[in-house]
$ cat query22.pdb   # PDB, C-alpha atoms
ATOM      1  CA  MET A 199      16.955  29.519 -16.005
ATOM      2  CA  ARG A 200      17.653  33.173 -15.403
ATOM      3  CA  ILE A 201      20.816  33.850 -13.426
ATOM      4  CA  TYR A 202      21.872  37.431 -12.784
ATOM      5  CA  TYR A 203      22.888  40.045 -10.268
ATOM      6  CA  ASP A 204      19.728  41.807  -9.202
ATOM      7  CA  GLU A 205      20.190  45.554  -8.812
ATOM      8  CA  VAL A 206      17.100  45.839  -6.644
ATOM      9  CA  SER A 207      17.706  43.131  -4.076
ATOM     10  CA  LYS A 208      21.522  43.502  -4.316
ATOM     11  CA  ASN A 209      21.803  39.743  -4.560
ATOM     12  CA  ILE A 210      22.441  37.050  -7.117
ATOM     13  CA  VAL A 211      19.250  35.481  -8.431
ATOM     14  CA  LEU A 212      19.602  31.783  -9.156
ATOM     15  CA  GLY A 213      16.649  30.734 -11.282
ATOM     16  CA  ALA A 214      13.822  31.877  -9.037
ATOM     17  CA  THR A 215      13.585  35.394  -7.633
ATOM     18  CA  THR A 216      13.105  33.843  -4.222
ATOM     19  CA  ARG A 217      16.416  32.035  -4.473
ATOM     20  CA  LEU A 218      18.974  34.679  -3.616
ATOM     21  CA  PHE A 219      22.673  34.475  -2.868
ATOM     22  CA  ALA A 220      25.031  37.138  -1.560
ATOM     23  CA  THR A 221      27.353  38.726  -4.046
ATOM     24  CA  GLU A 222      30.706  36.946  -4.436
ATOM     25  CA  SER A 223      29.339  33.862  -2.657
ATOM     26  CA  LEU A 224      29.151  31.729  -5.804
ATOM     27  CA  VAL A 225      31.641  30.592  -8.411
ATOM     28  CA  ALA A 226      30.952  29.029 -11.805
ATOM     29  CA  SER A 227      33.182  26.515 -13.558
ATOM     30  CA  ALA A 228      33.024  23.836 -16.245
ATOM     31  CA  ASP A 229      32.518  20.239 -15.168
ATOM     32  CA  ARG A 230      31.817  17.269 -17.453
ATOM     33  CA  GLY A 231      30.770  19.659 -20.198
ATOM     34  CA  ARG A 232      28.239  21.483 -18.052
ATOM     35  CA  VAL A 233      28.073  24.577 -15.926
ATOM     36  CA  SER A 234      28.773  23.911 -12.266
ATOM     37  CA  VAL A 235      27.864  26.592  -9.745
ATOM     38  CA  VAL A 236      29.326  26.121  -6.285
ATOM     39  CA  TYR A 237      28.554  27.968  -3.057
ATOM     40  CA  ARG A 238      31.956  29.068  -1.829
ATOM     41  CA  ALA A 239      31.312  28.922   1.906
ATOM     42  CA  ASN A 240      30.806  25.172   2.024
ATOM     43  CA  ASN A 241      31.877  24.033  -1.463
ATOM     44  CA  PHE A 242      28.343  22.778  -2.077
ATOM     45  CA  ARG A 243      27.257  22.531  -5.706
ATOM     46  CA  GLU A 244      24.053  24.486  -6.172
ATOM     47  CA  LEU A 245      23.629  24.014  -9.916
ATOM     48  CA  PHE A 246      24.733  21.576 -12.579
ATOM     49  CA  ILE A 247      23.187  22.544 -15.913
ATOM     50  CA  ARG A 248      23.841  22.797 -19.622
ATOM     51  CA  HIS A 249      25.209  26.160 -20.737
ATOM     52  CA  THR A 250      22.240  26.578 -23.087
ATOM     53  CA  GLN A 251      19.925  26.646 -20.064
ATOM     54  CA  VAL A 252      21.529  29.771 -18.608
ATOM     55  CA  LEU A 253      19.638  32.979 -19.394
ATOM     56  CA  ARG A 254      20.295  36.627 -18.626
ATOM     57  CA  GLU A 255      17.900  38.767 -16.647
ATOM     58  CA  ASP A 256      16.027  39.726 -19.816
ATOM     59  CA  GLY A 257      15.611  36.073 -20.830
ATOM     60  CA  SER A 258      18.202  36.091 -23.603
ATOM     61  CA  PRO A 259      20.879  33.362 -23.750
ATOM     62  CA  ALA A 260      23.882  34.053 -21.543
ATOM     63  CA  GLY A 261      26.289  32.855 -24.215
ATOM     64  CA  SER A 262      26.753  30.523 -27.109
ATOM     65  CA  THR A 263      29.581  28.511 -25.591
ATOM     66  CA  LEU A 264      30.297  26.965 -22.235
ATOM     67  CA  THR A 265      33.238  29.310 -21.693
ATOM     68  CA  ALA A 266      31.210  32.398 -22.550
ATOM     69  CA  VAL A 267      28.457  31.391 -20.133
ATOM     70  CA  ILE A 268      30.906  30.747 -17.316
ATOM     71  CA  ASP A 269      32.511  34.146 -17.924
ATOM     72  CA  TYR A 270      29.095  35.779 -17.840
ATOM     73  CA  LEU A 271      28.162  34.012 -14.594
ATOM     74  CA  ASN A 272      31.361  34.864 -12.777
ATOM     75  CA  THR A 273      30.971  38.492 -13.819
ATOM     76  CA  GLU A 274      27.438  38.526 -12.410
ATOM     77  CA  PHE A 275      28.492  36.675  -9.251
ATOM     78  CA  ASN A 276      31.211  39.253  -8.533
ATOM     79  CA  LYS A 277      29.152  42.376  -9.007
ATOM     80  CA  SER A 278      29.040  44.394  -5.841
ATOM     81  CA  PRO A 279      26.521  46.864  -4.492
ATOM     82  CA  PHE A 280      29.490  49.055  -3.542
ATOM     83  CA  VAL A 281      30.772  49.760  -7.034
ATOM     84  CA  GLU A 282      29.618  52.487  -9.305
ATOM     85  CA  GLY A 283      26.675  51.593 -11.471
ATOM     86  CA  GLY A 284      25.359  49.006  -9.093
ATOM     87  CA  GLY A 285      22.667  51.272  -7.653
ATOM     88  CA  SER A 286      25.073  51.385  -4.753
ATOM     89  CA  ALA A 287      24.136  51.305  -1.140
ATOM     90  CA  ALA A 288      27.385  53.167  -0.420
ATOM     91  CA  VAL A 289      27.055  56.763   0.726
ATOM     92  CA  PRO A 290      28.689  59.250  -1.670
ATOM     93  CA  ILE A 291      30.769  62.009  -0.153
ATOM     94  CA  TYR A 292      30.775  65.299  -2.027
ATOM     95  CA  VAL A 293      33.832  67.512  -1.590
ATOM     96  CA  GLN A 294      33.546  71.084  -2.794
ATOM     97  CA  PRO A 295      36.439  72.894  -4.533
ATOM     98  CA  ASN A 296      39.027  74.026  -1.991
ATOM     99  CA  GLU A 297      37.319  72.025   0.708
ATOM    100  CA  VAL A 298      39.392  69.581   2.697
ATOM    101  CA  TYR A 299      37.720  66.362   3.744
ATOM    102  CA  THR A 300      39.358  63.869   5.986
ATOM    103  CA  VAL A 301      38.628  60.209   5.425
ATOM    104  CA  SER A 302      39.642  57.428   7.735
ATOM    105  CA  THR A 303      40.820  54.280   6.004
ATOM    106  CA  ASP A 304      38.336  51.995   7.677
ATOM    107  CA  THR A 305      35.335  53.613   6.025
ATOM    108  CA  GLN A 306      33.620  52.209   3.005
ATOM    109  CA  ALA A 307      34.813  55.240   1.076
ATOM    110  CA  LEU A 308      37.968  53.243   0.544
ATOM    111  CA  PHE A 309      36.154  50.087  -0.431
ATOM    112  CA  ARG A 310      38.125  48.427  -3.183
ATOM    113  CA  LYS A 311      40.690  51.237  -2.855
ATOM    114  CA  ARG A 312      38.632  53.719  -4.839
ATOM    115  CA  ILE A 313      38.021  57.388  -4.185
ATOM    116  CA  LYS A 314      36.444  59.693  -6.690
ATOM    117  CA  ILE A 315      37.596  63.314  -6.605
ATOM    118  CA  GLY A 316      35.795  66.133  -8.401
ATOM    119  CA  ASP A 317      37.517  68.868 -10.409
ATOM    120  CA  GLY A 318      39.252  71.434  -8.276
ATOM    121  CA  ALA A 319      38.648  69.515  -5.088
ATOM    122  CA  ARG A 320      41.398  68.720  -2.670
ATOM    123  CA  ILE A 321      41.294  65.754  -0.397
ATOM    124  CA  LYS A 322      43.289  64.976   2.663
ATOM    125  CA  LEU A 323      43.604  61.364   3.636
ATOM    126  CA  LYS A 324      44.270  60.489   7.210
ATOM    127  CA  GLY A 325      45.515  57.180   8.525
ATOM    128  CA  ILE A 326      46.931  54.240   6.615
ATOM    129  CA  LEU A 327      46.388  54.727   2.936
ATOM    130  CA  VAL A 328      45.863  51.452   1.122
ATOM    131  CA  GLY A 329      45.737  52.930  -2.325
ATOM    132  CA  VAL A 330      43.864  55.615  -4.216
TER     133      VAL A 330
ATOM    134  CA  MET B 135      -6.195 -28.384  -6.516
ATOM    135  CA  SER B 136      -3.478 -30.983  -6.499
ATOM    136  CA  TYR B 137      -2.713 -33.932  -4.245
ATOM    137  CA  LYS B 138       0.468 -35.691  -3.318
ATOM    138  CA  PHE B 139       0.794 -39.256  -2.054
ATOM    139  CA  ASN B 140       2.031 -39.448   1.525
ATOM    140  CA  PRO B 141       3.987 -42.734   1.930
ATOM    141  CA  PHE B 142       3.901 -42.512   5.725
ATOM    142  CA  THR B 143       0.143 -42.312   6.046
ATOM    143  CA  GLY B 144      -0.748 -43.988   2.779
ATOM    144  CA  THR B 145      -3.091 -41.153   1.911
ATOM    145  CA  PHE B 146      -3.183 -38.379  -0.679
ATOM    146  CA  ASP B 147      -2.637 -35.001   0.957
ATOM    147  CA  LEU B 148      -3.820 -31.712  -0.483
ATOM    148  CA  VAL B 149      -0.892 -29.673  -1.759
ATOM    149  CA  THR B 150      -1.286 -26.045  -0.804
ATOM    150  CA  PRO B 151      -0.122 -23.789  -3.644
ATOM    151  CA  VAL B 152       2.478 -21.158  -2.890
ATOM    152  CA  LEU B 153       0.427 -18.005  -3.232
ATOM    153  CA  THR B 154       3.076 -15.608  -2.057
ATOM    154  CA  GLY B 155       6.067 -14.607  -4.158
ATOM    155  CA  TRP B 156       7.876 -11.788  -5.832
ATOM    156  CA  ALA B 157       9.444 -10.569  -9.041
ATOM    157  CA  GLN B 158      12.003  -7.994 -10.042
ATOM    158  CA  TYR B 159      11.863  -5.926 -13.230
ATOM    159  CA  LEU B 160      14.965  -4.028 -14.311
ATOM    160  CA  ASP B 161      15.076  -1.353 -16.955
ATOM    161  CA  THR B 162      17.880  -1.749 -19.488
ATOM    162  CA  GLU B 163      17.214   1.314 -21.627
ATOM    163  CA  TYR B 164      18.531   4.120 -19.435
ATOM    164  CA  SER B 165      22.017   4.318 -17.947
ATOM    165  CA  ALA B 166      24.369   6.867 -16.396
ATOM    166  CA  ALA B 167      25.695   7.638 -19.863
ATOM    167  CA  SER B 168      22.195   7.966 -21.317
ATOM    168  CA  PRO B 169      19.715   8.819 -18.554
ATOM    169  CA  PHE B 170      15.986   9.463 -18.694
ATOM    170  CA  GLU B 171      15.426  13.207 -18.384
ATOM    171  CA  ILE B 172      12.549  14.895 -16.604
ATOM    172  CA  VAL B 173      12.151  18.588 -17.278
ATOM    173  CA  GLU B 174      11.355  20.807 -14.312
ATOM    174  CA  GLY B 175       7.654  21.108 -13.625
ATOM    175  CA  THR B 176       6.572  18.019 -15.542
ATOM    176  CA  THR B 177       5.022  14.758 -14.413
ATOM    177  CA  VAL B 178       6.024  11.653 -16.335
ATOM    178  CA  THR B 179       5.603   7.917 -16.286
ATOM    179  CA  LEU B 180       8.770   6.334 -14.985
ATOM    180  CA  PRO B 181       9.936   4.071 -17.822
ATOM    181  CA  ASN B 182      10.876   0.460 -17.277
ATOM    182  CA  ASN B 183      11.257  -1.825 -20.268
ATOM    183  CA  ALA B 184      11.725  -4.868 -18.004
ATOM    184  CA  GLY B 185      14.714  -5.884 -20.055
ATOM    185  CA  ASN B 186      16.246  -7.908 -17.262
ATOM    186  CA  ASN B 187      13.951  -9.679 -14.829
ATOM    187  CA  ILE B 188      13.768 -12.215 -12.043
ATOM    188  CA  ILE B 189      10.430 -14.011 -12.287
ATOM    189  CA  THR B 190      11.403 -17.405 -10.901
ATOM    190  CA  TYR B 191       9.755 -16.737  -7.570
ATOM    191  CA  LEU B 192       6.385 -15.441  -8.726
ATOM    192  CA  PRO B 193       3.369 -16.680  -6.767
ATOM    193  CA  GLN B 194       1.987 -19.905  -8.124
ATOM    194  CA  GLY B 195      -0.559 -19.212 -10.873
ATOM    195  CA  VAL B 196       0.650 -15.665 -11.442
ATOM    196  CA  THR B 197       2.470 -14.996 -14.700
ATOM    197  CA  ALA B 198       3.564 -11.400 -14.097
ATOM    198  CA  LEU B 199       3.347  -8.543 -11.625
ATOM    199  CA  TYR B 200       4.379  -5.891 -14.166
ATOM    200  CA  ASP B 201       3.474  -5.298 -17.811
ATOM    201  CA  ALA B 202       6.285  -3.515 -19.661
ATOM    202  CA  SER B 203       4.136  -2.800 -22.721
ATOM    203  CA  THR B 204       1.659  -0.715 -20.722
ATOM    204  CA  GLN B 205       4.207   0.255 -18.010
ATOM    205  CA  LYS B 206       1.753  -0.932 -15.378
ATOM    206  CA  LEU B 207       2.225  -2.763 -12.118
ATOM    207  CA  THR B 208      -0.317  -5.577 -12.085
ATOM    208  CA  PRO B 209      -1.382  -6.947  -8.696
ATOM    209  CA  ALA B 210      -2.321 -10.611  -8.670
ATOM    210  CA  ALA B 211      -5.733 -10.249  -7.048
ATOM    211  CA  VAL B 212      -8.186  -7.935  -5.341
ATOM    212  CA  GLY B 213      -7.545  -7.953  -1.614
ATOM    213  CA  ASP B 214      -3.848  -8.829  -1.750
ATOM    214  CA  TYR B 215      -1.406  -7.052   0.499
ATOM    215  CA  ASN B 216       1.743  -6.172  -1.432
ATOM    216  CA  ALA B 217       5.156  -4.597  -1.083
ATOM    217  CA  ILE B 218       6.208  -2.538  -4.081
ATOM    218  CA  THR B 219       9.705  -1.109  -4.202
ATOM    219  CA  VAL B 220      10.844   1.352  -6.850
ATOM    220  CA  ARG B 221      14.569   2.065  -6.976
ATOM    221  CA  PHE B 222      16.648   4.265  -9.252
ATOM    222  CA  ASN B 223      19.610   6.616  -9.354
ATOM    223  CA  ALA B 224      18.978  10.290  -9.999
ATOM    224  CA  GLU B 225      20.860  13.539 -10.473
ATOM    225  CA  ALA B 226      19.287  16.966 -10.205
ATOM    226  CA  SER B 227      20.339  20.150 -11.967
ATOM    227  CA  SER B 228      19.703  22.192  -8.828
ATOM    228  CA  THR B 229      19.817  21.692  -5.084
ATOM    229  CA  SER B 230      16.343  23.147  -4.884
ATOM    230  CA  ALA B 231      14.994  20.228  -6.942
ATOM    231  CA  TYR B 232      12.810  17.528  -5.453
ATOM    232  CA  LEU B 233      10.920  14.495  -6.710
ATOM    233  CA  GLU B 234       7.290  13.699  -6.103
ATOM    234  CA  PHE B 235       6.378  10.051  -6.400
ATOM    235  CA  GLY B 236       3.089   8.230  -6.718
ATOM    236  CA  ILE B 237       1.400   5.240  -8.340
ATOM    237  CA  ASP B 238      -1.540   6.137 -10.551
ATOM    238  CA  THR B 239      -4.276   3.522 -10.312
ATOM    239  CA  GLY B 240      -6.942   5.623 -11.971
ATOM    240  CA  ASN B 241      -8.240   6.704  -8.606
ATOM    241  CA  PRO B 242     -10.036  10.068  -8.996
ATOM    242  CA  ALA B 243      -8.294  11.259  -5.843
ATOM    243  CA  GLY B 244      -4.966  10.958  -7.620
ATOM    244  CA  PRO B 245      -1.928   8.728  -7.274
ATOM    245  CA  ILE B 246      -1.511   6.535  -4.215
ATOM    246  CA  PHE B 247       1.618   5.765  -2.191
ATOM    247  CA  ARG B 248       2.691   9.403  -2.601
ATOM    248  CA  ASP B 249       6.118  10.463  -1.377
ATOM    249  CA  VAL B 250       8.642  13.283  -1.784
ATOM    250  CA  LYS B 251      12.431  13.067  -1.974
ATOM    251  CA  VAL B 252      15.083  15.795  -2.041
ATOM    252  CA  PHE B 253      18.699  15.883  -3.185
ATOM    253  CA  PRO B 254      20.764  16.571  -0.060
ATOM    254  CA  LYS B 255      24.139  15.915  -1.679
ATOM    255  CA  GLY B 256      23.802  18.779  -4.145
ATOM    256  CA  ALA B 257      23.350  19.278  -7.863
ATOM    257  CA  GLY B 258      25.000  16.969 -10.366
ATOM    258  CA  VAL B 259      25.640  14.310  -7.727
ATOM    259  CA  VAL B 260      24.208  10.792  -7.992
ATOM    260  CA  HIS B 261      21.530  10.049  -5.401
ATOM    261  CA  PRO B 262      20.207   6.497  -5.000
ATOM    262  CA  PHE B 263      16.486   6.538  -4.227
ATOM    263  CA  THR B 264      14.166   3.842  -2.896
ATOM    264  CA  PHE B 265      10.402   4.251  -2.664
ATOM    265  CA  THR B 266       8.818   1.446  -0.644
ATOM    266  CA  CYS B 267       5.051   1.065  -0.830
ATOM    267  CA  MET B 268       3.362  -1.356   1.539
ATOM    268  CA  GLY B 269      -0.335  -1.561   0.805
ATOM    269  CA  PHE B 270      -3.338  -3.448  -0.471
ATOM    270  CA  SER B 271      -4.725  -3.783  -3.961
ATOM    271  CA  LEU B 272      -8.450  -3.376  -4.385
ATOM    272  CA  ASN B 273     -10.590  -3.027  -7.509
ATOM    273  CA  ASN B 274      -9.012   0.168  -8.827
ATOM    274  CA  PHE B 275      -5.473  -1.131  -8.636
ATOM    275  CA  LYS B 276      -6.346  -4.627  -9.869
ATOM    276  CA  ASN B 277      -8.508  -3.481 -12.770
ATOM    277  CA  ASN B 278      -6.470  -0.475 -13.950
ATOM    278  CA  GLY B 279      -2.983  -1.482 -12.927
ATOM    279  CA  GLY B 280      -0.608   1.025 -11.420
ATOM    280  CA  ILE B 281       1.601   3.467 -13.322
ATOM    281  CA  VAL B 282       4.600   4.895 -11.509
ATOM    282  CA  LYS B 283       4.530   8.686 -11.819
ATOM    283  CA  ILE B 284       7.375  11.059 -11.057
ATOM    284  CA  THR B 285       7.267  14.865 -10.927
ATOM    285  CA  ALA B 286      10.415  16.980 -10.972
ATOM    286  CA  THR B 287      10.117  20.349  -9.276
ATOM    287  CA  GLY B 288      12.737  23.051  -8.749
ATOM    288  CA  GLY B 289      15.109  21.648 -11.361
ATOM    289  CA  ASP B 290      15.578  19.092 -14.112
ATOM    290  CA  VAL B 291      16.254  15.513 -13.037
ATOM    291  CA  GLU B 292      18.059  12.661 -14.784
ATOM    292  CA  ILE B 293      17.138   9.091 -13.843
ATOM    293  CA  TYR B 294      18.669   5.708 -14.622
ATOM    294  CA  ASP B 295      19.129   2.182 -13.229
ATOM    295  CA  ILE B 296      15.369   1.885 -12.737
ATOM    296  CA  ASN B 297      14.267  -1.190 -10.820
ATOM    297  CA  TYR B 298      10.799  -2.383  -9.767
ATOM    298  CA  HIS B 299      10.402  -5.039  -7.128
ATOM    299  CA  PHE B 300       6.884  -6.367  -6.532
ATOM    300  CA  ALA B 301       6.146  -8.831  -3.720
ATOM    301  CA  ARG B 302       2.791 -10.418  -2.968
ATOM    302  CA  LEU B 303       2.967 -10.717   0.802
ATOM    303  CA  ILE B 304      -0.527 -11.715   1.868
ATOM    304  CA  PRO B 305      -2.869 -13.249  -0.720
ATOM    305  CA  ALA B 306      -6.539 -12.384  -0.441
TER     306      ALA B 306
END
$ encode --input "query22.pdb" --output "structure tokens"
Amino acid sequence: MRIYYDEVSKNIVLGATTRLFATESLVASADRGRVSVVYRANNFRELFIRHTQVLREDGSPAGSTLTAVIDYLNTEFNKSPFVEGGGSAAVPIYVQPNEVYTVSTDTQALFRKRIKIGDGARIKLKGILVGV
Amino acid sequence: MSYKFNPFTGTFDLVTPVLTGWAQYLDTEYSAASPFEIVEGTTVTLPNNAGNNIITYLPQGVTALYDASTQKLTPAAVGDYNAITVRFNAEASSTSAYLEFGIDTGNPAGPIFRDVKVFPKGAGVVHPFTFTCMGFSLNNFKNNGGIVKITATGGDVEIYDINYHFARLIPA
């Protein structure tokens, strides 16, 4: 079955495109030689399958070993719509050279402690800085 | 017909045969270590090799209520009212999986005694299932026998400890 992070719906697809889970809500592990996928909120096992049954979005095998497949799944499960390359729903803030832009720490601009600064731009951070 | 001498009346009384009875047929081929696998989206005949049976209490004159070679439940007569119980343990690969059950008697309308079961305890967890079918056997069922059919949908399913229990409750 195809298991992947869907860039369009911003959710994890578990087999069927109608079966969606929020990002970071699932965790994969090995159990009795198979892949176990558990829903974190209630510790409920959603899947229990052989590693050879796990496919990527394009239908190719997710890995040749149990460990490789679990690594692939946990990478997919932890993809976020807020990181670069995810077709992000986050709003980019453009700061021109010599422009000062004030960002409060509770905005999503500081999500995962990341701020991207263009060449020649200056940025002034206001409030509690959790890391840049 | 048979008669038995009654020493109190000095007459021969008609002995009524025991027409009700039951039998149990246990599969010995599939186990937790080596289960029967149903791939998602397929309908299969539930296997039962009847390797371990209880047939002591069959109705008088009836030799079997299940034929392991054809995998068919075999009612004793047209017009009987029976209780058929199918039990097994199953594990699904996904919580979205469910089982569709039915007994195929060759009826053009499809299997009878249809039922659906889900896996509420999650994937990879053993679920004991019991399908109880109370119903009559008419010409279709008597002439064709009944094949237990299982469909797995939404995920693969592994089945073992398969057990058929067939009781003839009301003879025709």
$ atom_distance --input "query22.pdb" --atom1 "CA of Ala184 (chain B)" --atom2 "CA of Thr197 (chain B)"
14.1 Å
$ interface_residues --input "query22.pdb" --of "chain A" --to "chain B" --cutoff "6 Å" --atoms "only C-alpha atoms" --output "list in words"
Arg243, Glu244, Leu245, Phe246 and Ile247 of chain A
$ closest_residue --input "query22.pdb" --among "A:Asp204, A:Val235, A:His249, A:Asp229" --to "Thr216 (chain A)" --atoms "only C-alpha atoms"
A:Asp204
$ closest_residue --input "query22.pdb" --among "A:Ala220, A:Val225, A:Leu264, A:Ala214" --to "Gln251 (chain A)" --atoms "all atoms listed in the file"
A:Leu264
$ closest_residue --input "query22.pdb" --among "B:Ile281, B:Val149, B:Val173, B:Leu233" --to "Asp201 (chain B)" --atoms "all atoms listed in the file"
B:Ile281
$ resolve_selection --input "query22.pdb" --expression "the PyMOL selection byres ((chain B and resi 279) around 12)" --output "NGL selection string"
:B and (198-202 or 204-212 or 237-241 or 245-246 or 271-278 or 280-282)
$ closest_residue --input "query22.pdb" --among "A:Phe219, A:Tyr270, A:Tyr202, A:Phe275" --to "Asp256 (chain A)" --atoms "all atoms listed in the file"
A:Tyr202
$ resolve_selection --input "query22.pdb" --expression "the PyMOL selection byres ((chain B and resi 295) around 6)" --output "ChimeraX atom specification"
/B:165,222-223,294,296
$ write_last_selection --input "query22.pdb" --atoms "C-alpha atoms" --output "mmCIF file, in the frame of the given file"
data_model
loop_
_atom_site.group_PDB
_atom_site.id
_atom_site.type_symbol
_atom_site.label_atom_id
_atom_site.label_comp_id
_atom_site.auth_asym_id
_atom_site.auth_seq_id
_atom_site.Cartn_x
_atom_site.Cartn_y
_atom_site.Cartn_z
ATOM 1 C CA SER B 165 22.017 4.318 -17.947
ATOM 2 C CA PHE B 222 16.648 4.265 -9.252
ATOM 3 C CA ASN B 223 19.610 6.616 -9.354
ATOM 4 C CA TYR B 294 18.669 5.708 -14.622
ATOM 5 C CA ILE B 296 15.369 1.885 -12.737
#
$ atom_distance --input "query22.pdb" --atom1 "CA of Pro193 (chain B)" --atom2 "CA of Arg221 (chain B)"
21.8 Å
$ atom_distance --input "query22.pdb" --atom1 "CA of Ala217 (chain B)" --atom2 "CA of Leu192 (chain B)"
13.3 Å
$ closest_residue --input "query22.pdb" --among "B:Asp147, B:Glu174, B:Asp214, B:Glu163" --to "Ile304 (chain B)" --atoms "all atoms listed in the file"
B:Asp214
$ resolve_selection --input "query22.pdb" --expression "the PyMOL selection byres ((chain B and resi 267-269) around 8)" --output "count of residues only"
10
$ decode --input "query22.pdb" --residues "region 216-222 of chain A" --atoms "all heavy atoms" --output "compact mmCIF listing (two decimals), in the first residue's frame"
# COMPACT_ATOMS: atom_id res chain seq x y z
N THR A 216 -8.29 8.57 0.74
CA THR A 216 -9.35 9.07 1.63
C THR A 216 -9.00 8.83 3.09
O THR A 216 -9.74 9.23 3.98
CB THR A 216 -10.68 8.38 1.32
OG1 THR A 216 -10.45 6.96 1.33
CG2 THR A 216 -11.22 8.79 -0.03
N ARG A 217 -7.89 8.15 3.30
CA ARG A 217 -7.50 7.84 4.68
C ARG A 217 -6.31 8.73 5.05
O ARG A 217 -5.16 8.38 4.78
CB ARG A 217 -7.15 6.35 4.79
CG ARG A 217 -7.16 5.88 6.21
CD ARG A 217 -7.17 4.38 6.29
NE ARG A 217 -7.15 3.99 7.69
CZ ARG A 217 -6.39 3.04 8.19
NH1 ARG A 217 -5.60 2.37 7.41
NH2 ARG A 217 -6.43 2.76 9.47
N LEU A 218 -6.61 9.86 5.63
CA LEU A 218 -5.59 10.87 5.89
C LEU A 218 -5.33 11.04 7.38
O LEU A 218 -6.25 10.94 8.19
CB LEU A 218 -6.04 12.21 5.30
CG LEU A 218 -6.36 12.22 3.80
CD1 LEU A 218 -6.92 13.55 3.39
CD2 LEU A 218 -5.11 11.89 3.00
N PHE A 219 -4.08 11.30 7.70
CA PHE A 219 -3.69 11.56 9.08
C PHE A 219 -2.86 12.84 9.13
O PHE A 219 -2.10 13.12 8.20
CB PHE A 219 -2.87 10.40 9.64
CG PHE A 219 -3.69 9.18 9.94
CD1 PHE A 219 -4.00 8.28 8.93
CD2 PHE A 219 -4.17 8.94 11.22
CE1 PHE A 219 -4.77 7.15 9.19
CE2 PHE A 219 -4.94 7.81 11.49
CZ PHE A 219 -5.24 6.92 10.47
N ALA A 220 -2.99 13.58 10.22
CA ALA A 220 -2.23 14.81 10.38
C ALA A 220 -0.74 14.49 10.47
O ALA A 220 -0.34 13.43 10.97
CB ALA A 220 -2.69 15.54 11.63
N THR A 221 0.05 15.42 10.00
CA THR A 221 1.49 15.24 10.08
C THR A 221 1.93 15.10 11.54
O THR A 221 1.36 15.73 12.43
CB THR A 221 2.21 16.41 9.38
OG1 THR A 221 3.60 16.19 9.44
CG2 THR A 221 1.87 17.72 10.02
N GLU A 222 2.92 14.26 11.76
CA GLU A 222 3.47 13.96 13.08
C GLU A 222 2.50 13.23 14.01
O GLU A 222 2.76 13.11 15.20
CB GLU A 222 3.98 15.24 13.76
CG GLU A 222 5.12 15.91 12.99
CD GLU A 222 5.69 17.11 13.70
OE1 GLU A 222 5.16 17.49 14.74
OE2 GLU A 222 6.69 17.65 13.21
